[in-house]
Every structure is written in C-alpha cells, then in structure tokens.
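A.B. asks: So that you have it, the file is work12.cif, and it contains mmCIF, C-alpha atoms:
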```cif
data_data
loop_
_atom_site.label_atom_id
_atom_site.label_comp_id
_atom_site.auth_asym_id
_atom_site.auth_seq_id
_atom_site.Cartn_x
_atom_site.Cartn_y
_atom_site.Cartn_z
CA MET Q 4 50.60 88.31 101.24
CA ALA Q 5 50.68 90.51 98.07
CA LEU Q 6 52.77 90.12 94.95
CA LYS Q 7 54.47 93.39 93.91
CA LEU Q 8 55.89 93.93 90.43
CA ALA Q 9 57.69 96.88 88.82
CA ASN Q 10 58.76 97.36 85.22
CA LEU Q 11 62.41 97.76 84.21
CA ALA Q 12 63.58 97.05 87.77
CA LYS Q 13 67.17 95.94 87.34
CA SER Q 14 70.59 96.51 88.92
CA THR Q 15 73.89 94.75 89.62
CA LEU Q 16 75.28 93.35 92.86
CA ALA Q 17 77.27 95.98 94.74
CA SER Q 18 79.23 93.20 96.45
CA SER Q 19 79.63 89.46 96.07
CA ILE Q 20 77.32 86.99 97.87
CA THR Q 21 77.77 83.44 99.09
CA SER Q 22 75.32 80.64 98.42
CA ASP Q 23 73.73 81.07 101.87
CA ALA Q 24 73.54 84.88 101.99
CA THR Q 25 70.05 86.32 102.64
CA ALA Q 26 70.94 90.01 102.31
CA ILE Q 27 71.78 91.32 98.85
CA PHE Q 28 73.26 94.76 98.27
CA ILE Q 29 72.39 96.42 94.93
CA GLN Q 30 73.54 99.73 93.49
CA ASN Q 31 72.22 102.74 95.47
CA SER Q 32 71.21 104.50 92.24
CA ASP Q 33 68.91 101.59 91.32
CA ALA Q 34 67.18 101.11 94.68
CA GLY Q 35 64.13 103.19 93.73
CA LYS Q 36 63.42 100.96 90.74
CA PHE Q 37 62.42 98.09 93.05
CA PRO Q 38 59.00 98.07 94.79
CA ALA Q 39 58.59 99.16 98.41
CA LEU Q 40 57.38 96.10 100.33
CA ALA Q 41 55.05 96.12 103.31
CA ALA Q 42 54.63 93.19 105.69
CA ASN Q 43 53.87 89.96 103.80
CA ASP Q 44 54.59 91.61 100.39
CA TRP Q 45 57.09 90.05 98.01
CA HIS Q 46 58.38 89.99 94.45
CA PRO Q 47 60.55 87.57 92.44
CA ALA Q 48 64.09 88.44 91.33
CA THR Q 49 66.50 86.65 89.00
CA ILE Q 50 70.31 86.80 89.43
CA ILE Q 51 72.55 86.05 86.44
CA ASP Q 52 76.35 86.28 86.19
CA SER Q 53 78.62 86.59 83.15
CA ALA Q 54 79.10 82.81 82.99
CA GLY Q 55 75.36 82.19 82.61
CA ASN Q 56 74.78 80.95 86.18
CA ASN Q 57 71.33 81.98 87.41
CA GLU Q 58 69.07 81.72 90.45
CA VAL Q 59 65.51 82.83 91.26
CA VAL Q 60 65.05 84.40 94.72
CA ARG Q 61 62.04 85.72 96.64
CA VAL Q 62 62.50 89.31 97.87
CA THR Q 63 60.49 89.88 101.08
CA ALA Q 64 61.79 93.29 102.17
CA ARG Q 65 63.80 96.25 100.89
CA ASN Q 66 65.66 98.76 103.05
CA ALA Q 67 67.15 101.36 100.70
CA ALA Q 68 69.58 99.31 98.53
CA THR Q 69 69.50 96.18 100.72
CA LEU Q 70 67.18 93.34 99.68
CA THR Q 71 66.13 90.59 102.08
CA VAL Q 72 65.69 87.37 100.11
CA VAL Q 73 64.75 83.72 100.32
CA ARG Q 74 67.23 81.74 98.20
CA ALA Q 75 66.88 78.89 95.67
CA GLN Q 76 63.28 79.49 94.55
CA GLU Q 77 61.33 77.81 91.75
CA ASN Q 78 63.59 74.77 91.25
CA THR Q 79 66.85 76.79 91.11
CA THR Q 80 69.93 76.18 93.23
CA ALA Q 81 71.55 78.68 95.57
CA LYS Q 82 74.92 79.81 94.16
CA ALA Q 83 77.68 82.28 94.94
CA PHE Q 84 77.67 85.36 92.69
CA ALA Q 85 80.39 87.95 92.10
CA ALA Q 86 79.94 91.68 92.41
CA GLY Q 87 78.58 93.09 89.15
CA SER Q 88 76.25 90.15 88.50
CA ARG Q 89 72.86 91.25 87.19
CA ILE Q 90 69.67 91.16 89.28
CA ASP Q 91 66.27 92.12 87.93
CA ILE Q 92 62.53 91.53 88.36
CA ARG Q 93 61.11 89.03 85.86
CA LEU Q 94 57.76 87.38 85.52
CA THR Q 95 58.36 83.85 86.83
CA ALA Q 96 56.23 80.73 87.15
CA GLY Q 97 55.85 81.45 90.87
CA ALA Q 98 54.59 84.95 90.18
CA LEU Q 99 52.10 83.64 87.63
CA SER Q 100 50.88 81.12 90.21
CA GLU Q 101 50.35 83.98 92.65
CA LEU Q 102 48.34 85.81 90.02
CA THR Q 103 46.17 82.71 89.54
CA THR Q 104 45.54 82.58 93.25
CA LEU Q 105 44.69 86.29 93.20
CA VAL Q 106 42.17 85.78 90.39
CA ALA Q 107 40.59 82.91 92.28
CA ALA Q 108 40.31 85.10 95.38
CA VAL Q 109 38.68 87.86 93.40
CA SER Q 110 36.24 85.41 91.86
CA ALA Q 111 35.28 84.12 95.33
CA ALA Q 112 34.85 87.65 96.60
CA VAL Q 113 32.66 88.53 93.65
CA ALA Q 114 30.45 85.54 94.33
CA GLN Q 115 29.92 86.82 97.83
CA LYS Q 116 29.20 90.39 96.79
CA ALA Q 117 25.70 91.30 95.71
CA ASP Q 118 26.58 94.95 95.36
CA MET Q 119 28.40 95.39 92.00
CA THR Q 120 29.83 98.69 93.13
CA ALA Q 121 31.64 96.93 95.94
CA VAL Q 122 32.81 94.25 93.50
CA THR Q 123 34.18 96.91 91.16
CA ALA Q 124 35.99 98.60 93.98
CA LEU Q 125 37.46 95.29 95.17
CA VAL Q 126 38.73 94.40 91.69
CA ALA Q 127 40.16 97.89 91.25
CA ASP Q 128 42.01 97.62 94.55
CA GLN Q 129 43.44 94.21 93.68
CA ILE Q 130 44.55 95.36 90.24
CA ALA Q 131 46.08 98.55 91.67
CA ASP Q 132 48.13 96.44 94.10
CA LEU Q 133 49.31 94.24 91.25
CA VAL Q 134 50.08 97.03 88.78
CA ASP Q 135 51.73 99.25 91.40
CA SER Q 136 53.53 102.03 89.41
CA SER Q 137 53.58 100.32 86.01
CA PRO Q 138 53.08 102.56 82.95
CA ALA Q 139 49.75 102.41 81.13
CA THR Q 140 51.24 100.48 78.21
CA LEU Q 141 52.37 97.63 80.52
CA ASP Q 142 49.61 97.35 83.11
CA THR Q 143 47.82 94.30 81.70
CA LEU Q 144 48.91 90.68 81.33
CA LYS Q 145 48.38 90.92 77.57
CA GLU Q 146 50.72 93.89 77.32
CA LEU Q 147 53.30 92.15 79.50
CA ALA Q 148 53.10 89.01 77.35
CA ALA Q 149 53.50 91.07 74.17
CA ALA Q 150 56.51 92.86 75.66
CA LEU Q 151 58.07 89.45 76.32
CA GLY Q 152 57.45 88.37 72.74
CA ASN Q 153 54.68 85.99 73.83
CA ASP Q 154 57.47 83.60 74.72
CA PRO Q 155 56.44 81.12 77.45
CA ASN Q 156 60.14 80.28 77.89
CA PHE Q 157 61.36 83.87 77.95
CA SER Q 158 63.88 83.28 80.74
CA THR Q 159 65.55 80.38 78.88
CA THR Q 160 65.49 82.31 75.62
CA MET Q 161 67.28 85.27 77.22
CA LEU Q 162 69.84 83.06 78.95
CA ASN Q 163 70.69 81.34 75.66
CA ALA Q 164 70.97 84.68 73.86
CA LEU Q 165 73.26 86.12 76.54
CA ALA Q 166 75.44 83.00 76.43
CA GLY Q 167 76.23 83.76 72.76
CA LYS Q 168 77.51 87.28 73.45
CA VAL Q 169 81.16 88.27 73.82
CA SER Q 170 82.11 89.25 77.37
CA ARG Q 171 83.36 92.81 77.86
CA ASN Q 172 85.71 91.48 80.52
CA GLY Q 173 87.80 89.64 77.91
CA GLY Q 174 88.78 86.03 77.47
CA ASP Q 175 86.15 85.28 74.79
CA SER Q 176 86.86 84.69 71.10
CA MET Q 177 84.85 85.48 67.98
CA LYS Q 178 84.49 83.45 64.81
CA ALA Q 179 85.27 84.94 61.39
CA PRO Q 180 84.14 86.77 59.42
CA LEU Q 181 83.84 89.96 61.51
CA SER Q 182 82.21 92.80 59.57
CA LEU Q 183 82.51 96.56 60.24
CA ASP Q 184 79.83 98.09 58.04
CA GLY Q 185 79.13 101.77 57.53
CA ALA Q 186 78.22 104.42 54.97
CA SER Q 187 80.76 105.87 52.53
CA GLY Q 188 82.95 108.49 54.22
CA VAL Q 189 82.15 107.18 57.72
CA GLU Q 190 84.99 105.87 59.88
CA LYS Q 191 85.10 102.06 59.99
CA MET Q 192 87.98 101.38 62.36
CA LEU Q 193 89.25 98.72 64.73
CA ARG Q 194 90.48 100.62 67.82
CA LEU Q 195 93.35 99.32 69.93
CA THR Q 196 93.30 101.12 73.28
CA THR Q 197 95.00 101.13 76.68
CA GLY Q 198 92.86 102.28 79.58
CA GLY Q 199 90.33 103.68 77.12
CA LEU Q 200 92.97 105.81 75.31
CA ASP Q 201 93.64 105.22 71.62
CA ARG Q 202 96.96 103.62 70.68
CA TRP Q 203 96.25 102.45 67.11
CA LYS Q 204 93.34 102.59 64.68
CA ILE Q 205 93.20 100.26 61.70
CA GLY Q 206 90.50 100.48 59.05
CA ALA Q 207 88.96 102.38 56.15
CA VAL Q 208 89.87 106.08 56.06
CA LEU Q 209 87.23 108.78 55.87
CA ASP Q 210 87.64 109.55 52.14
CA ALA Q 211 84.21 109.13 50.53
CA GLU Q 212 83.84 106.56 47.76
CA SER Q 213 83.40 108.25 44.38
CA GLY Q 214 83.34 105.31 41.98
CA ASP Q 215 86.12 103.58 40.03
CA ASN Q 216 87.35 102.05 43.33
CA GLU Q 217 88.21 105.49 44.74
CA GLY Q 218 87.95 106.09 48.51
CA SER Q 219 87.88 103.83 51.59
CA ASP Q 220 91.65 103.23 51.48
CA LEU Q 221 93.09 101.12 54.30
CA GLY Q 222 94.99 103.15 56.89
CA PHE Q 223 97.05 102.60 60.05
CA PHE Q 224 96.95 105.50 62.52
CA ARG Q 225 98.99 105.95 65.71
CA PHE Q 226 98.32 107.98 68.86
CA ASN Q 227 100.23 109.54 71.77
CA ASP Q 228 100.14 108.23 75.36
CA ASP Q 229 97.35 110.74 76.11
CA GLY Q 230 95.28 109.37 73.22
CA THR Q 231 95.86 112.32 70.85
CA TYR Q 232 96.45 111.68 67.15
CA ILE Q 233 100.05 111.54 65.83
CA ASP Q 234 99.84 110.52 62.18
CA GLY Q 235 98.88 107.82 59.69
CA PRO Q 236 102.22 106.21 58.74
CA VAL Q 237 100.77 103.49 56.50
CA ARG Q 238 98.10 103.73 53.81
CA ILE Q 239 97.11 101.21 51.11
CA GLY Q 240 95.17 102.50 48.11
CA ARG Q 241 92.03 100.47 47.37
CA LYS Q 242 92.17 101.44 43.69
CA THR Q 243 95.93 101.20 43.06
CA GLY Q 244 97.05 98.69 45.67
CA ILE Q 245 100.01 101.00 46.32
CA THR Q 246 101.29 101.11 49.89
CA THR Q 247 102.52 104.46 51.21
CA VAL Q 248 104.79 104.30 54.25
CA ASP Q 249 105.74 107.73 55.64
CA ASN Q 250 105.41 109.11 52.09
CA VAL Q 251 107.67 106.36 50.65
CA ARG Q 252 105.65 104.52 48.03
CA LEU Q 253 106.01 100.74 47.91
CA GLY Q 254 104.48 99.17 44.83
CA ASN Q 255 105.57 96.75 42.15
CA LYS Q 256 109.26 95.85 42.10
CA ALA Q 257 111.26 97.98 39.64
CA SER Q 258 113.73 96.51 37.17
CA ALA Q 259 116.95 98.17 35.98
CA ALA Q 260 115.03 99.32 32.86
CA ASP Q 261 112.29 100.84 35.05
CA ILE Q 262 114.94 102.78 36.97
CA ALA Q 263 116.52 104.02 33.75
CA ALA Q 264 113.11 105.13 32.42
CA GLY Q 265 112.04 106.77 35.69
CA VAL Q 266 108.86 104.69 36.00
CA LEU Q 267 106.65 105.94 38.86
CA ASP Q 268 105.20 103.90 41.73
CA LYS Q 269 107.84 101.17 41.67
CA PHE Q 270 110.33 100.44 44.41
CA PRO Q 271 113.75 98.98 43.40
CA ASP Q 272 115.60 96.20 45.09
CA ALA Q 273 119.38 95.93 45.44
CA ARG Q 274 119.86 93.84 42.29
CA ALA Q 275 117.95 96.31 40.09
CA VAL Q 276 120.10 99.17 41.39
CA ARG Q 277 123.30 97.18 40.83
CA ASP Q 278 122.30 96.27 37.26
CA ARG Q 279 121.41 99.86 36.43
CA LEU Q 280 124.68 101.21 37.83
CA ALA Q 281 126.60 98.67 35.78
CA ALA Q 282 124.92 99.96 32.61
CA LEU Q 283 125.63 103.65 33.27
CA PRO Q 284 128.26 105.42 31.12
CA SER Q 285 131.59 105.77 32.93
CA PHE Q 286 135.26 106.33 32.36
CA GLY Q 287 138.39 105.37 34.25
CA ASN Q 288 137.99 101.99 35.86
CA GLY Q 289 141.38 100.78 34.64
CA GLN Q 290 141.11 102.40 31.18
CA VAL Q 291 143.96 104.54 29.76
CA PHE Q 292 144.06 107.78 27.88
CA SER Q 293 144.99 107.36 24.21
CA ARG Q 294 145.92 109.65 21.32
CA PRO Q 295 143.92 108.80 18.20
CA SER Q 296 145.72 108.78 14.88
CA PRO Q 297 145.09 110.62 12.76
CA LEU Q 298 143.87 113.47 15.01
CA PRO Q 299 140.17 114.33 14.52
CA VAL Q 300 139.39 117.53 12.62
CA ALA Q 301 138.55 120.08 15.34
CA THR Q 302 136.00 122.00 13.25
CA THR Q 303 134.05 118.90 12.19
CA ILE Q 304 130.81 118.31 14.14
CA ARG Q 305 131.15 114.91 15.80
CA GLN Q 306 128.83 112.75 17.91
CA ASN Q 307 129.82 110.42 20.74
CA THR Q 308 128.17 107.18 19.57
CA SER Q 309 129.94 104.95 22.09
CA PRO Q 310 127.98 103.43 25.02
CA ARG Q 311 130.15 105.43 27.43
CA ALA Q 312 131.06 109.06 27.94
CA ILE Q 313 134.40 110.20 26.45
CA PHE Q 314 136.89 112.47 28.16
CA ILE Q 315 138.78 114.93 25.94
CA ASN Q 316 141.99 116.62 27.12
CA GLY Q 317 143.88 118.77 24.60
CA ASP Q 318 145.03 122.15 23.26
CA ILE Q 319 143.36 123.99 20.39
CA SER Q 320 145.17 126.56 18.24
CA PHE Q 321 143.42 128.95 15.95
CA GLY Q 322 143.87 131.98 13.77
CA GLY Q 323 141.50 134.91 13.81
CA ASN Q 324 139.79 136.70 16.63
CA VAL Q 325 137.73 134.07 18.47
CA SER Q 326 137.15 130.33 18.78
CA TYR Q 327 134.50 128.32 20.74
CA PHE Q 328 134.41 124.71 21.89
CA ARG Q 329 130.75 123.72 21.74
CA VAL Q 330 128.73 120.80 23.08
CA GLY Q 331 125.04 120.04 22.33
CA ASN Q 332 122.51 117.22 22.55
CA ASP Q 333 120.95 117.51 19.11
CA GLY Q 334 123.70 118.79 16.79
CA LYS Q 335 121.87 122.12 16.39
CA ASN Q 336 121.72 123.88 19.74
CA TRP Q 337 125.02 124.41 21.56
CA ILE Q 338 126.58 125.32 24.88
CA ASP Q 339 129.91 127.17 24.66
CA TYR Q 340 132.20 125.55 27.21
CA PHE Q 341 135.52 127.27 26.34
CA TRP Q 342 136.57 130.09 24.14
CA GLY Q 343 139.73 132.03 23.24
CA PHE Q 344 140.63 135.23 21.42
CA SER Q 345 143.66 137.15 20.11
CA GLN Q 346 144.39 140.78 19.41
CA ASN Q 347 144.78 142.09 15.85
CA GLY Q 348 143.75 138.66 14.44
CA SER Q 349 147.18 137.24 15.06
CA GLY Q 350 145.81 133.91 16.37
CA GLY Q 351 145.89 132.21 19.75
CA GLY Q 352 144.98 129.01 21.58
CA TYR Q 353 143.46 127.49 24.71
CA HIS Q 354 143.30 124.25 26.64
CA VAL Q 355 140.19 121.99 26.58
CA THR Q 356 139.26 119.47 29.30
CA VAL Q 357 135.65 118.22 29.02
CA VAL Q 358 133.45 115.10 29.32
CA ILE Q 359 131.20 114.36 26.34
CA PRO Q 360 128.14 112.23 27.37
CA THR Q 361 126.89 109.36 25.23
CA GLY Q 362 124.92 110.73 22.25
CA ALA Q 363 126.17 114.33 22.65
CA TRP Q 364 127.61 116.40 19.74
CA TYR Q 365 130.76 118.62 19.87
CA TYR Q 366 133.13 120.69 17.69
CA CYS Q 367 135.34 123.82 17.58
CA THR Q 368 134.21 126.85 15.61
CA ASN Q 369 137.73 127.25 14.11
CA GLY Q 370 141.29 126.18 14.65
CA SER Q 371 142.81 122.73 14.96
CA TRP Q 372 144.05 120.39 17.66
CA ALA Q 373 147.65 120.91 18.66
CA THR Q 374 150.00 118.01 19.16
CA TYR Q 375 148.78 117.55 22.74
CA TYR Q 376 145.45 115.70 22.48
CA THR Q 377 144.20 112.57 24.25
CA GLU Q 378 140.78 110.97 24.92
CA VAL Q 379 139.37 108.00 26.76
CA SER Q 380 136.07 106.17 26.11
#
```
As structure tokens, how would this structure be written, given the file I've shared?

C.D. replies:
Amino acid sequence: MALKLANLAKSTLASSITSDATAIFIQNSDAGKFPALAANDWHPATIIDSAGNNEVVRVTARNAATLTVVRAQENTTAKAFAAGSRIDIRLTAGALSELTTLVAAVSAAVAQKADMTAVTALVADQIADLVDSSPATLDTLKELAAALGNDPNFSTTMLNALAGKVSRNGGDSMKAPLSLDGASGVEKMLRLTTGGLDRWKIGAVLDAESGDNEGSDLGFFRFNDDGTYIDGPVRIGRKTGITTVDNVRLGNKASAADIAAGVLDKFPDARAVRDRLAALPSFGNGQVFSRPSPLPVATTIRQNTSPRAIFINGDISFGGNVSYFRVGNDGKNWIDYFWGFSQNGSGGGYHVTVVIPTGAWYYCTNGSWATYYTEVS
C-alpha cells in the first residue's frame, strides 16, 4: 500500500454528497491534478464547505473525475456537503504516519542490503513513489514544511483564517471601518451591480490630487441596464465642500443680501427669495399717481433718491429745433429716450412716459413740463 501525494491538487464538488456517500464527483477540469492510484495506493483529501465544516477522507481510487473514498478519517466525522464545497490534498497526521512507516521500512531494507548500490536504488524508488510528479522545489519534507509555514497545526490555522473571511454568496456582514485605498488618480469606487452589470458607482473620482485639497472629489455615477455609463449626477468637492447636482450647485444657504449681491455658490431658500422680492423697487401696489406742486423744472438734472422707482407721465413743450428726454446712471452719460423737433424753430412738444430706477438721473435738454404731468414713487 503506497501513499501518493500531489502538489496544488484541489477542486470543488461537482454535486452534493450525503454523509454516507463513498463516491465523490469533482470538476472534470481538475481531475488531472489528483494522482493516478494503482491497487492499494491512496492519498488523503480534506473537504471544507463555506460554513467551515470539514472532514478528512481516504481516497483509494480515481476514475477520471470520480473519487472512491473512505469517510470520516483521522478523528473527523462524516458530514453532508453541498456542491461547490472545496476538496484538496493536504498533508495530514495519517499521511505523516505513513511516511514514518515508509522510513522504517527503508531502514529495515537497508539493514538487509550489503550492496550499497541496491540500497541506493531502493531508496530512490521509494522516494520517487512518494514524490510522484512534485516540482523540484517541493520534493522534500523540509520544502513542504517551509511551504506550510512550519506550522504543525496548518489545517486548524487555515480553517480559522477562512472562517474570518466574507462569503461571496452573501449573508455576511463586515465591521467598520472599511477602507478603499489606492494611488492618486486611481478609481476607488464601491460598485453596486445586478447580475455583474454596473448600476451605481460611489467613490473618489479619477481627478489626480494636486495639493491644496484638490482632486479625489466624491462622485455618484449611474449606469444603463446593459451596464454602460450614463452620467455622474452628484459630485461633492473635497476642497470646497460644494455639492453639484446635475450642474445645480448646492452650497451654503444664501440670505436676501447674498441674492442682491449675486454671491456665487450659495443656494437660496424660499424665505430669502421672499425677503429679497419685498426689498425690490416697485410701483403700483395700491399707490396713486400724483401731480407735484410746484412742477419740477424740466431742464434741471434730477436724481431719483427714493428707495423705489418712479413713473413719470407728462407732456413737454419746447421752443427751438430739438429737445431730448435723457436718463443716465451717473449724471454724466445719458440715454436719449424721447425727442421732438419743429420746423423753422417755431417750437413743439411731445409726450413722455418712462420709469426712472432708484439712483438714476434724468432731465430734458430744453423746454418745460406742460400742465399735464404726474408721477408715482
């Protein structure tokens, strides 16, 4: 009876097994990784499922991807395992015991051999059977022990390590904090997928960090049903803290004064808009037109110093060839709103209807107001 070992021999169960099954079906693509067994040959195998259940079995034959096994070996209990559970060859206590027996047999054979050439050949044969197709870097016990981290409890160590991993099949939870680390300008995203197709990505955008808190802004990106990119509707600046939603910037709340001053990067609420509208110049609203007395001198430059716009409605009469009604914002530069003229300098007139904003200047170049003149402020 010969112990056969092979490195990196591992697979998963192609179908589930009950606790009394003696035939195990592994993946066809992995069958060649396991040793071919002649009569009385064997090798150990360990089965582990996602819940950490495990069992050591003794494989006594292999036909393609079907393993014939003896269950519940080396103080383990026969269990039922689901399809997809892992099965691999590991160095177990039973295998080490077999190696000890093999060494004892070799020692006995050596004692009986006077011819050292025959002894050498016997040892070589025994070692060749043990090593089978192992690579040169793993064909000694020392190399195998080093590969296992010189851990005498390697199986327990691996089981404990696997128990601390998150299952890909879902249902597990992770404890905070969860870190997504990466170089500047490299995508660091949490992907939300359906059937492997992107639906959302949330994380640091690809903009490289250039100092002064520039780069690595937080972005939300959405995708079509086929997983293709649509757009990034939300972005939060790491430097400014400003949130951009579909190109609408949401930042600090604006006051009525901010709205009046046109302050950037502030988003107003309803009260700020109401307060600003209440402060805007206006006319009407229950006010009445009035005729000032005495009438203002038409040719005198005047400024509207009231907090509201004024509305002028009147007739201007003049002598000479031309007259202009002018409005300006600095008392020096003017816009001619209305003008009139007469032939042969005999005089004329025209009607004026105009709104004068708060702070604006106005006057007529010549002439005087006729009896029809009213204004509201």

A.B. asks: Set the distance at 10 Å and use all atoms listed in the file: which residues neighbour range 97-104 of chain Q once local chain neighbours fewer than 6 positions away are removed? I'd like the list as a list in words.

C.D. replies: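 Once the nearby chain positions are removed, what remains is Met4, Ala5, Leu6, Lys7, Leu8, Trp45, His46, Pro47, Val59, Arg61, Gln76, Glu77, Ser110, Leu133 and Leu144 of chain Q.
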
A.B. asks: In Å, with one decimal, what is the gap from CA of Ala150 in chain Q to CA of Thr63 in chain Q?

C.D. replies: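 Straight-line distance from CA of Ala150 in chain Q to CA of Thr63 in chain Q works out to 25.9 Å.
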
A.B. asks: If the PyMOL selection byres ((chain Q and resi 83) around 9) were run on this exact file, what residues would it hold? Put them as a list in words.

C.D. replies: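 Checking the PyMOL selection byres ((chain Q and resi 83) around 9) against this file, the residues are Ser19, Ile20, Thr21, Ser22, Asp23, Ala24, Ala81, Lys82, Phe84 and Ala85 of chain Q.
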
A.B. asks: Just so the selection is clear, what residues does the PyMOL selection byres ((chain Q and resi 125) around 12) cover here, as a ChimeraX atom specification?

C.D. replies: /Q:105-106,108-113,115-116,118-124,126-132

A.B. asks: Translate the PyMOL selection byres ((chain Q and resi 224) around 6), as applied to the file shown, into an explicit residue set as a PyMOL selection string.

C.D. replies: chain Q and resi 203-204+223+225+234-235

A.B. asks: So what do you get for CA of Gly199 in chain Q versus CA of Asp229 in chain Q, distance-wise?

C.D. replies: 10.0 Å

A.B. asks: Kindly give the distance, in Å, that separates CA of Val237 in chain Q and CA of Asp220 in chain Q, rounded to a single decimal.

C.D. replies: 10.4 Å
